[in-house]
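Beneath this line is the structure, given in structure tokens, with notes to follow.
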Amino acid sequence: MPIIEPENGSLTVFNLFNTTDSEKQATLLDAMRGIIANANYPGWRSSTLHAGVARPCAANYIQWRSINDLRERYEGENFKHNTVPYFTELTTSVHLLKTEVVSVQTKDGAARTEIGPDRGDLTVIVLMGCDPKDQGELVSLLEKPDDWMRQVPGYRSHSILRALDGDMVINYAQWDDAASYEAFHAMPEEERPAHDREMRARGKALLTSRESNTYETVFTQSVEGYAS
């Protein structure tokens with residue numbers, strides 16, 4: 001099962017696909033599952049497929065050995081002339097985000113977390129756009145350990161990733177279920193501790209965009225012998 005942890009030597013890539021309806025989402029997921037199941041690309045380490053819950057979409061969390069291996073995959077003729085046109089027909093937008101893991105916090109205090117369908121997580125992926133000059137400050141705000149979060153019912157973990165292009169920060173969070181996450185998300189500001197309110201206010205001021213969705217993890221595959 002793939003593991004998220006800082007400084008594990010992997011390039012982390014998010015492939016995010018939005019589509020229009022559940023039927024196209026199912027077709028998209030089937031196609032991606034087939035690609036992942038047969039993956040044997042040089043430098044590929046793992047792929048974990050997520051199905052959108054709140055709206056029809058899909059996310060693939062991929063770990064690569066290096067950016068050069070990623071380029072080789074996406075510059076291949078089959079990918080450019082077959083894979084890309086097929087997914088273009090099924091989707092309304094596609095994001096390819098190259099990132100690195102900055103921090104991981106878990107409910108039990110571990111500095112790494114597993115991802116995979118056997119865990120039963122509700123996964124939340126939040127994309128936070130920012131000016132490149134503000135990315136460092138935004139990362140610093142979000143990566144700080146937060147003992148209060150560990151006490152929130154249903155919380156399991158959250159991981160902060162920095163986009164290598166400099167204009168985005170990603171929060172990959174795991175919860176017990178949708179009800180727990182929605183209760184936290186809807187919590188009135190006055191019920192949150194002061195440090196959380198201050199962080200949220202400053203973070204909001206740094207954002208140029210924000211997009212999020214909830215997911216269930218449906219399939220994962222790793223190269224033999226690779227676990228992180």
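In the structure tokens, each chain is lettered A, B, ... as it comes, each chain's residues begin at 1, and ligands are numbered from 1 in order of appearance.
Excluding A:Ala178 itself and any same-chain residue fewer than 3 positions from it, the protein and nucleic acid residues within 10 Å of it, counting only C-alpha atoms, are Val53, Ala54, Asp121, Leu122, Thr123, Val124, Gly154, Trp175, Tyr181, Glu182, Ala183, Phe184, Thr214 and Tyr215 of chain A.
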Backbone-only DSSP, strand (DSSP E or B) members of stretch 13-124 of chain A, as a ChimeraX atom specification
/A:13-18,44-52,57-64,93-106,113-114,122-124
Written selection (N, CA and C atoms) as a CSV table (one decimal), in the first residue's frame:
```
chain,number,residue,atom,x,y,z
A,13,VAL,N,2.6,13.2,-8.1
A,13,VAL,CA,1.8,13.8,-9.2
A,13,VAL,C,0.4,13.5,-8.9
A,14,PHE,N,-0.4,14.6,-9.0
A,14,PHE,CA,-1.9,14.5,-9.0
A,14,PHE,C,-2.4,14.6,-10.4
A,15,ASN,N,-3.1,13.6,-10.9
A,15,ASN,CA,-3.9,13.7,-12.2
A,15,ASN,C,-5.3,13.9,-11.7
A,16,LEU,N,-5.9,15.0,-12.0
A,16,LEU,CA,-7.3,15.3,-11.6
A,16,LEU,C,-8.2,15.5,-12.8
A,17,PHE,N,-9.3,14.8,-12.9
A,17,PHE,CA,-10.2,14.8,-14.0
A,17,PHE,C,-11.6,15.2,-13.6
A,18,ASN,N,-12.2,16.2,-14.2
A,18,ASN,CA,-13.6,16.6,-13.9
A,18,ASN,C,-14.4,16.1,-15.1
A,44,TRP,N,8.1,4.6,-12.6
A,44,TRP,CA,6.8,4.6,-11.9
A,44,TRP,C,6.9,3.8,-10.7
A,45,ARG,N,6.3,4.3,-9.6
A,45,ARG,CA,6.4,3.6,-8.3
A,45,ARG,C,5.0,3.2,-7.8
A,46,SER,N,4.0,4.1,-7.9
A,46,SER,CA,2.7,3.7,-7.4
A,46,SER,C,1.6,4.6,-8.0
A,47,SER,N,0.4,4.1,-8.1
A,47,SER,CA,-0.8,4.9,-8.5
A,47,SER,C,-1.9,4.5,-7.6
A,48,THR,N,-2.7,5.5,-7.1
A,48,THR,CA,-3.8,5.3,-6.3
A,48,THR,C,-5.0,6.1,-6.8
A,49,LEU,N,-6.0,5.3,-7.3
A,49,LEU,CA,-7.2,5.9,-8.0
A,49,LEU,C,-8.3,6.3,-7.0
A,50,HIS,N,-8.8,7.5,-7.1
A,50,HIS,CA,-9.9,8.0,-6.3
A,50,HIS,C,-11.1,8.3,-7.1
A,51,ALA,N,-12.3,8.0,-6.7
A,51,ALA,CA,-13.5,8.3,-7.3
A,51,ALA,C,-14.2,9.5,-6.6
A,52,GLY,N,-14.6,10.5,-7.3
A,52,GLY,CA,-15.2,11.7,-6.7
A,52,GLY,C,-16.5,11.3,-6.1
A,57,CYS,N,-15.9,13.1,-10.8
A,57,CYS,CA,-14.6,13.4,-11.1
A,57,CYS,C,-13.7,12.2,-10.7
A,58,ALA,N,-12.4,12.3,-10.9
A,58,ALA,CA,-11.5,11.2,-10.5
A,58,ALA,C,-10.1,11.9,-10.2
A,59,ALA,N,-9.4,11.2,-9.4
A,59,ALA,CA,-8.0,11.7,-9.0
A,59,ALA,C,-7.1,10.5,-9.0
A,60,ASN,N,-5.9,10.7,-9.5
A,60,ASN,CA,-4.9,9.6,-9.5
A,60,ASN,C,-3.7,10.2,-8.7
A,61,TYR,N,-3.4,9.6,-7.6
A,61,TYR,CA,-2.2,10.1,-6.8
A,61,TYR,C,-1.1,9.1,-7.2
A,62,ILE,N,0.0,9.7,-7.9
A,62,ILE,CA,1.0,8.9,-8.5
A,62,ILE,C,2.4,9.3,-7.9
A,63,GLN,N,3.2,8.3,-7.6
A,63,GLN,CA,4.5,8.5,-7.2
A,63,GLN,C,5.5,8.0,-8.2
A,64,TRP,N,6.5,8.9,-8.6
A,64,TRP,CA,7.5,8.6,-9.6
A,64,TRP,C,8.9,8.8,-9.0
A,93,SER,N,-12.2,19.0,-17.7
A,93,SER,CA,-10.9,19.6,-17.4
A,93,SER,C,-10.0,18.6,-16.9
A,94,VAL,N,-8.7,18.8,-17.1
A,94,VAL,CA,-7.7,17.9,-16.6
A,94,VAL,C,-6.6,18.7,-15.9
A,95,HIS,N,-6.2,18.3,-14.7
A,95,HIS,CA,-5.0,19.0,-14.1
A,95,HIS,C,-3.9,18.0,-13.9
A,96,LEU,N,-2.7,18.3,-14.2
A,96,LEU,CA,-1.5,17.5,-13.9
A,96,LEU,C,-0.6,18.4,-13.0
A,97,LEU,N,-0.6,18.0,-11.7
A,97,LEU,CA,0.2,18.8,-10.8
A,97,LEU,C,1.4,18.0,-10.2
A,98,LYS,N,2.5,18.5,-10.4
A,98,LYS,CA,3.8,18.0,-9.9
A,98,LYS,C,4.1,18.6,-8.6
A,99,THR,N,4.2,17.7,-7.6
A,99,THR,CA,4.3,18.2,-6.2
A,99,THR,C,5.4,17.4,-5.4
A,100,GLU,N,5.7,18.0,-4.2
A,100,GLU,CA,6.5,17.2,-3.2
A,100,GLU,C,5.8,17.3,-1.9
A,101,VAL,N,5.9,16.2,-1.1
A,101,VAL,CA,5.2,16.2,0.2
A,101,VAL,C,6.1,17.0,1.2
A,102,VAL,N,5.4,17.9,1.8
A,102,VAL,CA,6.1,18.8,2.8
A,102,VAL,C,5.9,18.3,4.2
A,103,SER,N,4.7,17.9,4.6
A,103,SER,CA,4.4,17.4,6.0
A,103,SER,C,3.2,16.5,6.0
A,104,VAL,N,3.2,15.6,7.0
A,104,VAL,CA,2.1,14.7,7.2
A,104,VAL,C,1.8,14.8,8.7
A,105,GLN,N,0.5,14.9,9.1
A,105,GLN,CA,0.0,14.8,10.4
A,105,GLN,C,-1.1,13.7,10.5
A,106,THR,N,-1.0,12.9,11.5
A,106,THR,CA,-2.0,11.8,11.7
A,106,THR,C,-2.6,11.9,13.0
A,113,THR,N,1.5,8.3,6.5
A,113,THR,CA,0.2,7.7,6.4
A,113,THR,C,0.0,6.8,5.2
A,114,GLU,N,-0.7,5.8,5.3
A,114,GLU,CA,-1.0,4.9,4.1
A,114,GLU,C,-2.2,5.4,3.3
A,122,LEU,N,-12.7,8.5,3.8
A,122,LEU,CA,-13.2,9.6,3.0
A,122,LEU,C,-12.0,10.5,2.8
A,123,THR,N,-11.6,10.7,1.5
A,123,THR,CA,-10.5,11.6,1.2
A,123,THR,C,-11.0,12.9,0.7
A,124,VAL,N,-10.3,14.0,1.2
A,124,VAL,CA,-10.6,15.3,0.7
A,124,VAL,C,-9.3,15.9,0.1
```
Can you list, as a PyMOL selection string, every protein, DNA or RNA residue that comes within 9 Å of A:Gly129 when you count only C-alpha atoms, leaving out same-chain residues fewer than 4 positions away?
chain A and resi 135+167-170+206-211
Identify, on the basis of only C-alpha atoms, every residue whose closest approach to A:Met187 does not exceed 12 Å; exclude the query and any residue fewer than 5 positions from it along the same chain; express the result as number ranges by chain.
A: 152-153, 180-182, 192-193, 196-197
Let me see the file: selected residues, N, CA and C atoms, as a PDB file, in the first residue's frame.
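So result-v5.pdb came out as:
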```pdb
ATOM      1  N   VAL A 152     -10.423  16.266  16.812  1.00  0.00           N
ATOM      2  CA  VAL A 152     -11.668  16.464  16.076  1.00  0.00           C
ATOM      3  C   VAL A 152     -12.260  15.101  15.703  1.00  0.00           C
ATOM      4  N   PRO A 153     -13.514  14.843  16.031  1.00  0.00           N
ATOM      5  CA  PRO A 153     -14.123  13.541  15.710  1.00  0.00           C
ATOM      6  C   PRO A 153     -14.064  13.238  14.211  1.00  0.00           C
ATOM      7  N   SER A 180     -18.486  13.273   9.393  1.00  0.00           N
ATOM      8  CA  SER A 180     -17.452  13.863  10.249  1.00  0.00           C
ATOM      9  C   SER A 180     -16.809  15.066   9.571  1.00  0.00           C
ATOM     10  N   TYR A 181     -16.477  14.904   8.296  1.00  0.00           N
ATOM     11  CA  TYR A 181     -15.846  16.014   7.578  1.00  0.00           C
ATOM     12  C   TYR A 181     -16.794  17.196   7.443  1.00  0.00           C
ATOM     13  N   GLU A 182     -18.034  16.945   7.111  1.00  0.00           N
ATOM     14  CA  GLU A 182     -18.990  18.039   6.932  1.00  0.00           C
ATOM     15  C   GLU A 182     -19.241  18.777   8.241  1.00  0.00           C
ATOM     16  N   ARG A 192     -13.878  27.365  17.022  1.00  0.00           N
ATOM     17  CA  ARG A 192     -12.516  26.930  16.720  1.00  0.00           C
ATOM     18  C   ARG A 192     -11.527  27.642  17.644  1.00  0.00           C
ATOM     19  N   PRO A 193     -10.397  27.003  17.967  1.00  0.00           N
ATOM     20  CA  PRO A 193      -9.406  27.676  18.807  1.00  0.00           C
ATOM     21  C   PRO A 193      -8.799  28.873  18.090  1.00  0.00           C
ATOM     22  N   ASP A 196      -6.330  28.359  15.220  1.00  0.00           N
ATOM     23  CA  ASP A 196      -6.934  27.873  13.983  1.00  0.00           C
ATOM     24  C   ASP A 196      -7.626  29.014  13.239  1.00  0.00           C
ATOM     25  N   ARG A 197      -8.309  29.876  13.968  1.00  0.00           N
ATOM     26  CA  ARG A 197      -8.962  31.010  13.327  1.00  0.00           C
ATOM     27  C   ARG A 197      -7.940  31.938  12.674  1.00  0.00           C
TER      28      ARG A 197
END
```
Students should find that atom CA of A:Gly76 and atom CA of A:Thr220 are spaced 23.1 Å
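Taking stretch 159-215 of chain A and asking which residues DSSP calls helix (DSSP H, G or I) on the backbone, you get A:Ala178, A:Ala179, A:Ser180, A:Tyr181, A:Glu182, A:Ala183, A:Phe184, A:His185, A:Glu189, A:Glu190, A:Glu191, A:Ala194, A:His195, A:Asp196, A:Arg197, A:Glu198, A:Met199, A:Arg200, A:Ala201, A:Arg202, A:Gly203, A:Lys204, A:Ala205, A:Leu206.
Nearest-residue note for A:Gly166: choosing from A:Arg119, A:Glu143, A:Asp131, A:Gln221, the minimum distance belongs to A:Asp131, counting only C-alpha atoms.
Distance check against A:Arg71 using only C-alpha atoms: of A:Asp134, A:Gly109, A:Arg55, A:Leu11, the minimum falls on A:Leu11.
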Selected residue, from A:Ser140, A:Thr92, A:Ser66, A:Gln25, that lies nearest to A:Leu161 when counting only C-alpha atoms
A:Ser140
Length of the atom CA of A:Gln174 to atom CA of A:Leu142 vector [Å]
15.4 Å
Choose the residue, out of A:Cys130, A:Asp108, A:Pro56, A:Glu216, that has the smallest atom-to-atom separation from A:Met149; count only C-alpha atoms.
A:Asp108
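For A:Leu141, the non-local neighbours within 9 Å, defined as residues at least 4 positions apart in the same chain or in other chains and counting only C-alpha atoms, are Gly136, Glu137, Met199, Arg200, Arg202 and Gly203 of chain A.
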Between atom CA of A:Lys107 and atom CA of A:Gln151, what is the distance in Å, rounded to a tenth?
7.7 Å
